[in-house]
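Novice: For reference, the file entry.txt (compact mmCIF, C-alpha atoms) is included below:
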```txt
# COMPACT_ATOMS: atom_id res chain seq x y z
CA MET M 27 11.55 18.95 25.64
CA ASN M 28 12.62 17.78 22.23
CA ILE M 29 11.81 14.27 21.04
CA LYS M 30 13.11 12.73 17.85
CA ILE M 31 12.06 9.51 16.17
CA LEU M 32 14.80 8.09 13.99
CA GLY M 33 13.67 5.82 11.19
CA SER M 34 13.37 5.64 7.46
CA GLY M 35 9.58 5.50 7.46
CA CYS M 36 9.15 1.80 8.10
CA PRO M 37 5.83 0.64 9.61
CA SER M 38 7.39 0.23 13.06
CA CYS M 39 8.76 3.78 12.93
CA ILE M 40 5.27 5.12 12.31
CA LYS M 41 4.00 3.03 15.21
CA LEU M 42 6.67 4.39 17.54
CA GLU M 43 5.77 7.94 16.53
CA LYS M 44 2.09 7.32 17.31
CA HIS M 45 2.94 5.79 20.68
CA THR M 46 5.14 8.77 21.50
CA GLN M 47 2.35 11.20 20.64
CA ILE M 48 -0.02 9.30 22.92
CA ALA M 49 2.52 9.32 25.76
CA VAL M 50 3.22 13.04 25.42
CA LYS M 51 -0.47 13.83 25.34
CA GLU M 52 -1.30 11.70 28.34
CA LEU M 53 1.48 13.29 30.37
CA ASN M 54 0.46 16.78 29.21
CA LEU M 55 4.03 17.57 28.24
CA GLU M 56 5.29 20.49 26.26
CA ALA M 57 7.33 18.61 23.72
CA SER M 58 8.13 18.80 20.06
CA ILE M 59 8.17 15.51 18.19
CA GLU M 60 10.38 15.41 15.16
CA LYS M 61 10.86 12.64 12.63
CA ILE M 62 14.34 12.03 11.23
CA THR M 63 14.29 9.98 8.05
CA ASP M 64 17.63 10.93 6.51
CA PHE M 65 20.21 8.16 6.95
CA GLU M 66 23.11 10.51 7.45
CA GLN M 67 21.29 12.26 10.26
CA ILE M 68 20.14 8.95 11.78
CA MET M 69 23.66 7.58 11.80
CA SER M 70 25.01 10.78 13.31
CA TYR M 71 23.36 9.60 16.53
CA ASN M 72 25.60 6.50 16.32
CA VAL M 73 22.74 4.03 15.96
CA MET M 74 21.85 1.64 13.15
CA SER M 75 18.78 -0.16 14.43
CA THR M 76 15.61 1.74 13.77
CA PRO M 77 13.22 2.96 14.99
CA ALA M 78 15.16 4.81 17.66
CA LEU M 79 13.89 7.25 20.25
CA VAL M 80 15.95 10.33 21.06
CA ILE M 81 15.03 12.64 23.93
CA ASP M 82 16.87 15.94 24.16
CA GLU M 83 19.59 14.63 21.85
CA LYS M 84 20.16 11.49 23.94
CA VAL M 85 19.45 8.05 22.45
CA ILE M 86 17.02 6.33 24.79
CA SER M 87 16.14 3.22 22.83
CA TYR M 88 16.71 1.68 19.42
CA GLY M 89 15.55 -1.26 17.38
CA LYS M 90 12.19 -1.62 19.06
CA VAL M 91 8.71 -0.17 19.20
CA LEU M 92 8.11 0.98 22.74
CA SER M 93 4.56 0.97 24.06
CA PRO M 94 3.00 4.28 25.13
CA LYS M 95 3.32 3.09 28.73
CA GLN M 96 7.05 2.45 28.37
CA ILE M 97 7.57 5.84 26.74
CA LYS M 98 5.67 7.51 29.58
CA GLU M 99 8.04 5.93 32.09
CA LEU M 100 11.02 7.22 30.12
CA LEU M 101 9.59 10.71 29.82
CA ALA M 102 8.51 11.07 33.42
CA MET E 23 19.21 -45.48 21.11
CA ASN E 24 21.60 -42.80 22.25
CA ILE E 25 20.45 -39.48 23.62
CA PHE E 26 21.40 -37.58 20.47
CA ASN E 27 19.23 -39.81 18.31
CA TRP E 28 16.37 -39.61 20.74
CA PHE E 29 16.59 -35.82 20.76
CA ASN E 30 16.70 -35.74 16.97
CA GLU E 31 13.73 -38.11 16.53
CA THR E 32 11.57 -36.45 19.16
CA PHE E 33 12.28 -32.76 18.82
CA LEU E 34 13.64 -32.25 15.34
CA LYS E 35 12.11 -34.98 13.20
CA MET E 36 9.03 -35.25 15.45
CA THR E 37 8.27 -38.86 14.55
CA TRP E 38 5.44 -38.81 17.10
CA LEU E 39 3.77 -36.03 15.12
CA TYR E 40 4.18 -38.03 11.93
CA ASP E 41 2.26 -40.96 13.44
CA LEU E 42 -0.27 -38.71 15.13
CA VAL E 43 -1.18 -36.95 11.89
CA TRP E 44 -1.71 -40.33 10.21
CA LYS E 45 -3.96 -41.41 13.07
CA ILE E 46 -6.03 -38.25 12.73
CA ILE E 47 -6.31 -38.59 8.95
CA THR E 48 -7.27 -42.27 9.03
CA GLY E 49 -9.66 -41.62 11.92
CA LEU E 50 -11.43 -38.63 10.42
CA PHE E 51 -11.45 -39.34 6.70
CA ASP E 52 -10.95 -43.06 6.41
CA LEU E 53 -7.89 -42.49 4.20
CA ASP E 54 -4.59 -44.30 4.53
CA SER E 55 -1.09 -44.22 3.14
CA SER E 56 -2.11 -46.05 -0.03
CA ASP E 57 -4.35 -43.15 -0.96
CA GLN E 58 -3.03 -40.11 -2.87
CA ILE E 59 -5.34 -37.60 -1.19
CA GLY E 60 -4.37 -39.06 2.18
CA ASN E 61 -0.70 -38.63 1.36
CA ILE E 62 -1.13 -35.04 0.22
CA LEU E 63 -3.14 -34.23 3.34
CA HIS E 64 -0.55 -35.89 5.54
CA PHE E 65 2.38 -34.08 3.93
CA PHE E 66 0.58 -30.75 4.23
CA LEU E 67 -0.56 -31.11 7.84
CA TYR E 68 2.58 -32.76 9.20
CA ASP E 69 4.95 -30.32 7.51
CA THR E 70 2.94 -27.23 8.38
CA ILE E 71 2.59 -28.15 12.06
CA LYS E 72 6.20 -29.22 12.33
CA ILE E 73 7.55 -26.09 10.68
CA PHE E 74 5.49 -23.78 12.86
CA ILE E 75 6.52 -25.59 16.06
CA LEU E 76 10.18 -25.42 15.05
CA LEU E 77 9.82 -21.85 13.87
CA GLY E 78 8.42 -20.72 17.21
CA PHE E 79 11.05 -22.47 19.32
CA LEU E 80 14.00 -21.70 17.10
CA ILE E 81 13.24 -18.04 16.51
CA PHE E 82 12.82 -17.55 20.24
CA LEU E 83 16.14 -19.22 20.97
CA ILE E 84 17.97 -17.43 18.20
CA SER E 85 16.49 -14.03 19.03
CA TYR E 86 17.63 -14.43 22.61
CA ILE E 87 21.19 -15.03 21.44
CA GLN E 88 20.87 -12.25 18.89
CA SER E 89 19.79 -9.75 21.53
CA PHE E 90 23.43 -9.75 22.65
CA PHE E 91 24.61 -8.75 19.18
CA PRO E 92 22.78 -5.71 17.85
CA PRO E 93 24.35 -4.36 14.62
CA GLU E 94 25.87 -1.54 16.70
CA ARG E 95 27.97 -4.07 18.59
CA THR E 96 28.80 -6.04 15.43
CA THR E 97 30.18 -2.85 13.87
CA LYS E 98 32.32 -2.21 16.91
CA ILE E 99 33.70 -5.76 16.88
CA LEU E 100 34.37 -5.79 13.14
CA LYS E 101 36.31 -2.52 13.29
CA LYS E 102 39.11 -4.42 14.99
CA TYR E 103 39.75 -6.81 12.12
CA LYS E 104 41.28 -6.53 8.69
CA GLY E 105 41.73 -8.76 5.65
CA ILE E 106 40.61 -12.37 5.48
CA LYS E 107 40.28 -12.56 9.26
CA GLY E 108 37.76 -9.72 9.07
CA ASN E 109 35.85 -11.60 6.37
CA ILE E 110 35.67 -14.72 8.49
CA ILE E 111 34.53 -12.84 11.60
CA GLY E 112 32.11 -10.89 9.39
CA ALA E 113 30.63 -14.08 7.97
CA LEU E 114 30.35 -15.60 11.46
CA LEU E 115 28.74 -12.49 12.96
CA GLY E 116 26.37 -12.49 9.99
CA THR E 117 24.92 -15.70 11.39
CA ILE E 118 23.96 -14.17 14.75
CA THR E 119 23.16 -10.53 14.05
CA PRO E 120 19.43 -9.89 13.66
CA PHE E 121 18.82 -9.19 10.02
CA CYS E 122 16.13 -8.93 7.41
CA SER E 123 16.29 -7.46 3.94
CA CYS E 124 14.60 -4.32 5.30
CA SER E 125 17.57 -3.61 7.57
CA SER E 126 20.24 -4.13 4.93
CA ILE E 127 20.47 -0.43 4.03
CA PRO E 128 21.14 0.88 7.54
CA ILE E 129 23.58 -1.97 8.13
CA PHE E 130 25.41 -1.29 4.90
CA ILE E 131 25.62 2.45 5.55
CA GLY E 132 26.54 1.90 9.20
CA PHE E 133 29.38 -0.46 8.35
CA THR E 134 30.69 1.81 5.61
CA ARG E 135 30.42 4.85 7.82
CA ALA E 136 32.43 3.09 10.50
CA GLY E 137 35.18 2.62 7.92
CA LEU E 138 34.78 -1.14 7.46
CA PRO E 139 36.21 -2.29 4.12
CA LEU E 140 33.72 -3.50 1.51
CA GLU E 141 34.97 -7.08 1.72
CA ILE E 142 33.94 -7.45 5.37
CA THR E 143 30.57 -5.81 4.70
CA PHE E 144 29.86 -8.18 1.83
CA SER E 145 30.98 -11.27 3.73
CA PHE E 146 28.46 -10.22 6.37
CA LEU E 147 25.73 -9.48 3.83
CA ILE E 148 26.14 -12.86 2.12
CA SER E 149 26.18 -14.97 5.27
CA SER E 150 23.46 -13.06 7.09
CA PRO E 151 20.36 -14.27 5.19
CA LEU E 152 22.01 -17.54 4.17
CA VAL E 153 23.28 -19.10 7.37
CA ASP E 154 22.07 -19.01 10.93
CA LEU E 155 21.45 -21.34 13.81
CA ALA E 156 17.79 -21.66 12.88
CA SER E 157 18.59 -22.80 9.37
CA PHE E 158 21.09 -25.32 10.73
CA LEU E 159 18.60 -26.88 13.14
CA ILE E 160 15.71 -26.93 10.71
CA LEU E 161 17.89 -28.51 8.02
CA MET E 162 18.97 -31.10 10.54
CA SER E 163 15.35 -31.85 11.30
CA PHE E 164 14.26 -32.30 7.70
CA LEU E 165 17.32 -33.41 5.79
CA GLY E 166 19.72 -34.85 8.37
CA TRP E 167 22.79 -33.45 10.10
CA LYS E 168 25.22 -34.12 7.26
CA ILE E 169 23.38 -31.92 4.79
CA ALA E 170 22.81 -29.33 7.53
CA LEU E 171 26.49 -29.16 8.37
CA ALA E 172 27.46 -29.08 4.70
CA TYR E 173 25.06 -26.21 4.08
CA VAL E 174 26.45 -24.11 6.93
CA VAL E 175 30.09 -24.74 6.03
CA VAL E 176 29.77 -24.00 2.33
CA GLY E 177 27.56 -20.99 3.10
CA LEU E 178 30.28 -19.49 5.28
CA ILE E 179 32.99 -20.29 2.72
CA LEU E 180 30.90 -18.61 0.01
CA ALA E 181 30.55 -15.51 2.22
CA VAL E 182 34.28 -15.28 2.91
CA ILE E 183 35.32 -15.87 -0.72
CA GLY E 184 32.61 -13.53 -2.05
CA GLY E 185 33.88 -10.70 0.17
CA THR E 186 37.48 -11.35 -0.81
CA LEU E 187 36.67 -11.32 -4.52
CA ILE E 188 34.85 -8.00 -4.23
CA ASP E 189 37.94 -6.58 -2.54
CA LYS E 190 40.28 -7.96 -5.22
CA MET E 191 38.14 -6.42 -7.95
CA LYS E 192 38.59 -2.94 -6.43
CA MET E 193 34.91 -2.11 -6.24
CA GLU E 194 35.18 0.70 -3.66
CA LYS E 195 34.45 3.32 -6.32
CA TYR E 196 31.03 1.86 -6.99
CA LEU E 197 29.41 2.97 -3.76
CA GLN E 198 26.54 5.42 -4.23
CA ASP E 199 27.81 8.98 -3.91
CA TYR E 200 25.75 9.81 -0.85
CA VAL E 201 27.15 6.75 0.97
CA VAL E 202 30.68 7.96 0.24
CA LYS E 203 29.72 11.40 1.53
CA ILE E 204 28.36 9.90 4.75
CA ARG E 205 31.64 8.07 5.24
CA GLU E 206 33.67 11.20 4.63
CA ASN E 207 31.62 13.22 7.10
CA ALA E 208 31.65 10.53 9.76
CA THR E 209 33.20 11.16 13.12
CA ASN E 210 35.15 8.37 14.68
CA GLU E 211 32.74 7.93 17.60
CA ASP E 212 31.72 4.44 18.53
CA MET E 213 28.18 3.20 18.08
CA ILE E 214 25.92 3.41 21.09
CA ILE E 215 25.26 0.04 22.69
CA LEU E 216 22.30 0.02 25.05
CA GLY E 217 22.16 -2.78 27.58
CA MET E 218 19.11 -4.99 27.93
CA SER E 219 17.74 -6.64 31.03
CA GLN E 220 16.89 -10.33 31.14
CA LYS E 221 13.22 -9.44 30.94
CA GLU E 222 13.75 -7.18 27.95
CA ARG E 223 15.57 -9.95 26.12
CA VAL E 224 12.67 -12.36 26.68
CA THR E 225 10.15 -9.76 25.52
CA TYR E 226 12.32 -8.97 22.52
CA SER E 227 12.53 -12.67 21.61
CA PHE E 228 8.75 -13.09 21.91
CA ASP E 229 8.20 -10.06 19.69
CA GLN E 230 10.63 -11.46 17.14
CA VAL E 231 8.71 -14.75 17.02
CA LEU E 232 5.41 -12.93 16.39
CA ASP E 233 7.02 -10.60 13.87
CA ILE E 234 8.65 -13.36 11.87
CA VAL E 235 5.62 -15.66 11.93
CA LYS E 236 3.52 -12.77 10.64
CA ARG E 237 6.04 -12.13 7.90
CA VAL E 238 6.64 -15.67 6.70
CA TRP E 239 3.51 -17.77 7.35
CA LEU E 240 2.20 -17.31 3.84
CA TYR E 241 5.55 -18.29 2.27
CA ILE E 242 5.60 -21.39 4.42
CA LEU E 243 2.10 -22.44 3.34
CA ILE E 244 3.03 -21.86 -0.30
CA GLY E 245 6.24 -23.82 0.23
CA VAL E 246 4.41 -26.71 1.87
CA GLY E 247 1.82 -26.64 -0.93
CA ILE E 248 4.51 -26.89 -3.60
CA GLY E 249 6.25 -29.57 -1.55
CA ALA E 250 3.03 -31.59 -1.27
CA ALA E 251 2.51 -31.30 -5.03
CA ILE E 252 6.05 -32.47 -5.77
CA HIS E 253 5.71 -35.25 -3.22
CA ASN E 254 2.45 -36.68 -4.48
CA VAL E 255 1.11 -35.17 -7.68
CA ILE E 256 3.91 -34.37 -10.11
CA PRO E 257 5.11 -37.63 -11.71
CA GLN E 258 8.57 -38.86 -10.72
CA ASN E 259 9.85 -38.86 -14.32
CA VAL E 260 8.96 -35.18 -14.85
CA ILE E 261 11.01 -34.18 -11.81
CA GLU E 262 13.83 -36.48 -12.85
CA THR E 263 13.97 -35.07 -16.37
CA ILE E 264 14.17 -31.48 -15.15
CA LEU E 265 16.16 -31.75 -11.93
CA GLY E 266 17.53 -35.28 -11.94
CA GLU E 267 21.20 -36.19 -11.99
CA LYS E 268 21.06 -37.14 -15.65
CA ASN E 269 20.21 -33.60 -16.68
CA PRO E 270 23.51 -31.68 -16.73
CA PHE E 271 21.63 -28.40 -16.32
CA SER E 272 19.74 -29.41 -13.16
CA VAL E 273 21.78 -27.22 -10.78
CA LEU E 274 21.64 -24.28 -13.16
CA ILE E 275 17.85 -24.57 -13.45
CA ALA E 276 17.46 -24.83 -9.67
CA ALA E 277 19.59 -21.72 -9.12
CA VAL E 278 17.95 -19.63 -11.83
CA VAL E 279 14.48 -20.47 -10.54
CA GLY E 280 15.53 -19.74 -6.95
CA ILE E 281 17.39 -16.45 -7.36
CA PRO E 282 14.49 -14.02 -7.88
CA MET E 283 12.30 -15.83 -5.34
CA TYR E 284 11.81 -14.20 -1.99
CA ALA E 285 11.40 -16.56 0.92
CA ASP E 286 13.44 -17.67 3.84
CA ILE E 287 14.78 -21.06 4.74
CA PHE E 288 11.49 -22.06 6.39
CA GLY E 289 9.60 -21.68 3.13
CA THR E 290 12.09 -23.64 1.05
CA ILE E 291 12.43 -26.59 3.43
CA PRO E 292 9.26 -28.48 2.44
CA ILE E 293 10.20 -28.12 -1.24
CA ALA E 294 13.71 -29.38 -0.54
CA GLU E 295 12.35 -32.29 1.47
CA ALA E 296 9.97 -33.33 -1.31
CA LEU E 297 12.69 -33.02 -3.98
CA LEU E 298 15.05 -35.16 -1.92
CA GLY E 299 12.33 -37.80 -1.66
CA LYS E 300 12.07 -37.79 -5.46
CA GLY E 301 15.76 -38.56 -5.84
CA VAL E 302 16.93 -35.08 -6.80
CA GLY E 303 20.65 -34.57 -6.06
CA VAL E 304 21.72 -32.93 -2.81
CA GLY E 305 23.76 -30.34 -4.74
CA THR E 306 20.74 -29.34 -6.81
CA ILE E 307 18.66 -28.95 -3.66
CA LEU E 308 21.33 -26.93 -1.84
CA ALA E 309 21.71 -24.68 -4.88
CA PHE E 310 17.98 -24.05 -4.91
CA MET E 311 17.80 -23.26 -1.18
CA MET E 312 20.84 -21.02 -1.26
CA ALA E 313 19.57 -19.16 -4.31
CA VAL E 314 16.21 -18.50 -2.65
CA THR E 315 17.65 -17.30 0.66
CA ALA E 316 20.79 -15.45 -0.44
CA LEU E 317 19.43 -13.52 -3.40
CA SER E 318 15.98 -12.15 -4.06
CA LEU E 319 14.45 -9.30 -6.01
CA PRO E 320 13.59 -7.21 -2.91
CA SER E 321 17.11 -7.55 -1.49
CA MET E 322 18.64 -6.55 -4.83
CA VAL E 323 16.44 -3.46 -4.95
CA MET E 324 17.60 -2.57 -1.42
CA LEU E 325 21.24 -3.11 -2.21
CA GLY E 326 20.87 -1.07 -5.39
CA LYS E 327 20.12 1.95 -3.21
CA VAL E 328 23.56 1.91 -1.61
CA VAL E 329 25.82 0.63 -4.39
CA LYS E 330 26.03 1.41 -8.09
CA LYS E 331 24.90 -1.16 -10.60
CA GLU E 332 28.44 -2.30 -11.46
CA LEU E 333 28.93 -3.49 -7.89
CA LEU E 334 25.36 -4.79 -7.62
CA PHE E 335 25.77 -6.99 -10.70
CA THR E 336 29.23 -8.14 -9.60
CA PHE E 337 27.73 -9.18 -6.26
CA ILE E 338 24.86 -11.05 -7.93
CA ALA E 339 27.27 -12.72 -10.37
CA ILE E 340 29.68 -13.82 -7.64
CA VAL E 341 26.97 -15.23 -5.39
CA SER E 342 25.10 -16.97 -8.24
CA THR E 343 28.30 -18.50 -9.63
CA GLY E 344 29.31 -19.62 -6.16
CA ILE E 345 25.94 -21.27 -5.58
CA ILE E 346 26.07 -23.07 -8.92
CA ILE E 347 29.61 -24.33 -8.29
CA ILE E 348 28.58 -25.52 -4.81
CA GLY E 349 25.63 -27.36 -6.38
CA TYR E 350 27.72 -29.20 -8.96
CA LEU E 351 30.44 -30.05 -6.44
CA PHE E 352 27.90 -31.57 -4.07
CA ASN E 353 26.27 -33.61 -6.79
CA LEU E 354 29.69 -34.83 -7.80
CA PHE E 355 30.74 -35.82 -4.29
CA GLU E 356 27.33 -36.91 -3.09
CA PHE E 357 28.60 -40.37 -2.15
CA ILE E 358 30.52 -38.75 0.74
CA ILE E 359 27.37 -37.36 2.37
```
Could the structure of this file be written out as structure tokens, please?
Specialist:
Amino acid sequence: MNIKILGSGCPSCIKLEKHTQIAVKELNLEASIEKITDFEQIMSYNVMSTPALVIDEKVISYGKVLSPKQIKELLA
Amino acid sequence: MNIFNWFNETFLKMTWLYDLVWKIITGLFDLDSSDQIGNILHFFLYDTIKIFILLGFLIFLISYIQSFFPPERTTKILKKYKGIKGNIIGALLGTITPFCSCSSIPIFIGFTRAGLPLEITFSFLISSPLVDLASFLILMSFLGWKIALAYVVVGLILAVIGGTLIDKMKMEKYLQDYVVKIRENATNEDMIILGMSQKERVTYSFDQVLDIVKRVWLYILIGVGIGAAIHNVIPQNVIETILGEKNPFSVLIAAVVGIPMYADIFGTIPIAEALLGKGVGVGTILAFMMAVTALSLPSMVMLGKVVKKELLFTFIAIVSTGIIIIGYLFNLFEFII
């Protein structure tokens, strides 16, 4: 599984990344978490509101910091 | 008393709170309205409590409406319009799309990437921090509905004209190179719009309230502090000399002081209220509020990352000039409002 966090490094992006790491760990998933900070790449997912969560190249959420619990539900 | 007045007095002006704060102050400290310390204390407590109550309610309400208009949707809507119509829709959408100076870069790049002309983007960027439902209601509460309405209308006009001017001046070439490259490489796919459930909208609105209170509480306290000082400590004649109607430079001074300042409408309100009480012209006060909200050092730094300095300075010049003209016009026609 490939997870991407889209965001230019704002505080909420860092928070979303942390929450994702917690979720992945708690679910014992084999997943790579990647951070995308380049605007061109972010926009290529057709989103503007950051932070956004992309799982296997599909935009799952944008513009909000999901809690680890919410991310777990999305990953499961 | 009609229902509109009752609503205004109770929920917006909060006259009950005004009396309550006096009761508390006289009860606890044995001070009354003839006492300077009592007046300062009253201004500070009443304004702070009132602003935070309004802030909480208004941000919740506005965020709920805004949750229907993420920037992704705004982009999609704006793509359908061209010319002055696009500017008007852009300025109007600027009032309901969630926005803070930190999101101006992605919004700018997103709009440009979607092929929106600069004029629409700038109409949006001018109206977005300047005018929204929250600012309208809070202005109505503190300064009356006439000033509130005037503020919103001239704010939107400024946004539309500002965008048009930037188009007429052919500024397209002053985008940063990487922004141009992003536009050239863009595919014509539409933005993704994710739906939200009712519950998600409520949660989102709550989060927005917390977020914004955390971000602005200090500015509000500073604003109320300055307001209290103007209201009670700084002598009337000092204010009149600097900002009064007899000083032909009053609007200019108000704008120049306000432009680099970074605060939102909630922080400037207590200052505006106190200045109005000291007989400062409505135009001067509007110029100050618009300068503080529309332009600030942080937002200029942000904008400088996506446009070259020629366009940045043109933007600052257009908005500042517009604000100053608005100020003088309002002082001139004050008898109407």
Novice: May I ask you to extract the residues of chain M within 7 Å of chain E, using only C-alpha atoms, and to give them as a list of chain:residue names?
Specialist: M:Glu66, M:Met69, M:Asn72, M:Val73, M:Met74, M:Ser75
Novice: Please, what distance in Å, to one decimal, runs between CA of Lys300 in chain E and CA of Val255 in chain E?
Specialist: 11.5 Å
Novice: If you count only C-alpha atoms, which residues fall within 7 Å of range 84-91 of chain M, apart from same-chain ones fewer than 4 positions away, as a list of chain:residue names?
Specialist: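 Within the cut-off, the hits are M:Ser38, M:Lys41, M:Leu42, M:Ser75, M:Thr76, M:Pro77, M:Ala78, M:Leu79, M:Val80.
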Novice: Go ahead and save the picked residues with C-alpha atoms, as a PDB file, in the coordinates of the input.
Specialist:
```pdb
ATOM      1  CA  SER M  38       7.390   0.230  13.060  1.00  0.00           C
ATOM      2  CA  LYS M  41       4.000   3.030  15.210  1.00  0.00           C
ATOM      3  CA  LEU M  42       6.670   4.390  17.540  1.00  0.00           C
ATOM      4  CA  SER M  75      18.780  -0.160  14.430  1.00  0.00           C
ATOM      5  CA  THR M  76      15.610   1.740  13.770  1.00  0.00           C
ATOM      6  CA  PRO M  77      13.220   2.960  14.990  1.00  0.00           C
ATOM      7  CA  ALA M  78      15.160   4.810  17.660  1.00  0.00           C
ATOM      8  CA  LEU M  79      13.890   7.250  20.250  1.00  0.00           C
ATOM      9  CA  VAL M  80      15.950  10.330  21.060  1.00  0.00           C
TER      10      VAL M  80
END
```
Novice: So the first atom is CA of Val202 in chain E and the second is CA of Leu180 in chain E; what is the distance between them in Å, to one decimal place?
Specialist: 26.6 Å
Novice: Name the closest residue to Ile348 in chain E among the candidates E:Ala170, E:Ile179, E:Leu333, E:Leu325; distances are taken between atoms, counting all atoms listed in the file.
Specialist: E:Ile179
Novice: Report, in Å with one decimal, the straight-line distance from CA of Asp286 in chain E to CA of Thr315 in chain E.
Specialist: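 Those two atoms sit 5.3 Å apart.
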Novice: Between M:Ile40, M:Ile59, M:Leu53, M:Ile48, which one has atoms that come closest to Asp82 in chain M, using only C-alpha atoms?
Specialist: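 The answer is M:Ile59, which sits nearest to Asp82 in chain M.
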Novice: Here is a test: counting only C-alpha atoms, which residue of M:Leu101, M:Ile68, M:Ala57, M:Ile81 is nearest to Leu32 in chain M?
Specialist: M:Ile68
Novice: Quick one: residues within 12 Å of Thr343 in chain E, only C-alpha atoms counted, chain neighbours fewer than 6 positions away excluded, as a list of chain:residue names?
Specialist: E:Leu180, E:Ile183, E:Gly184, E:Val273, E:Leu274, E:Ala277, E:Val278, E:Ile281, E:Ala309, E:Met312, E:Ala313, E:Leu317, E:Phe335, E:Thr336, E:Phe337, E:Gly349, E:Tyr350
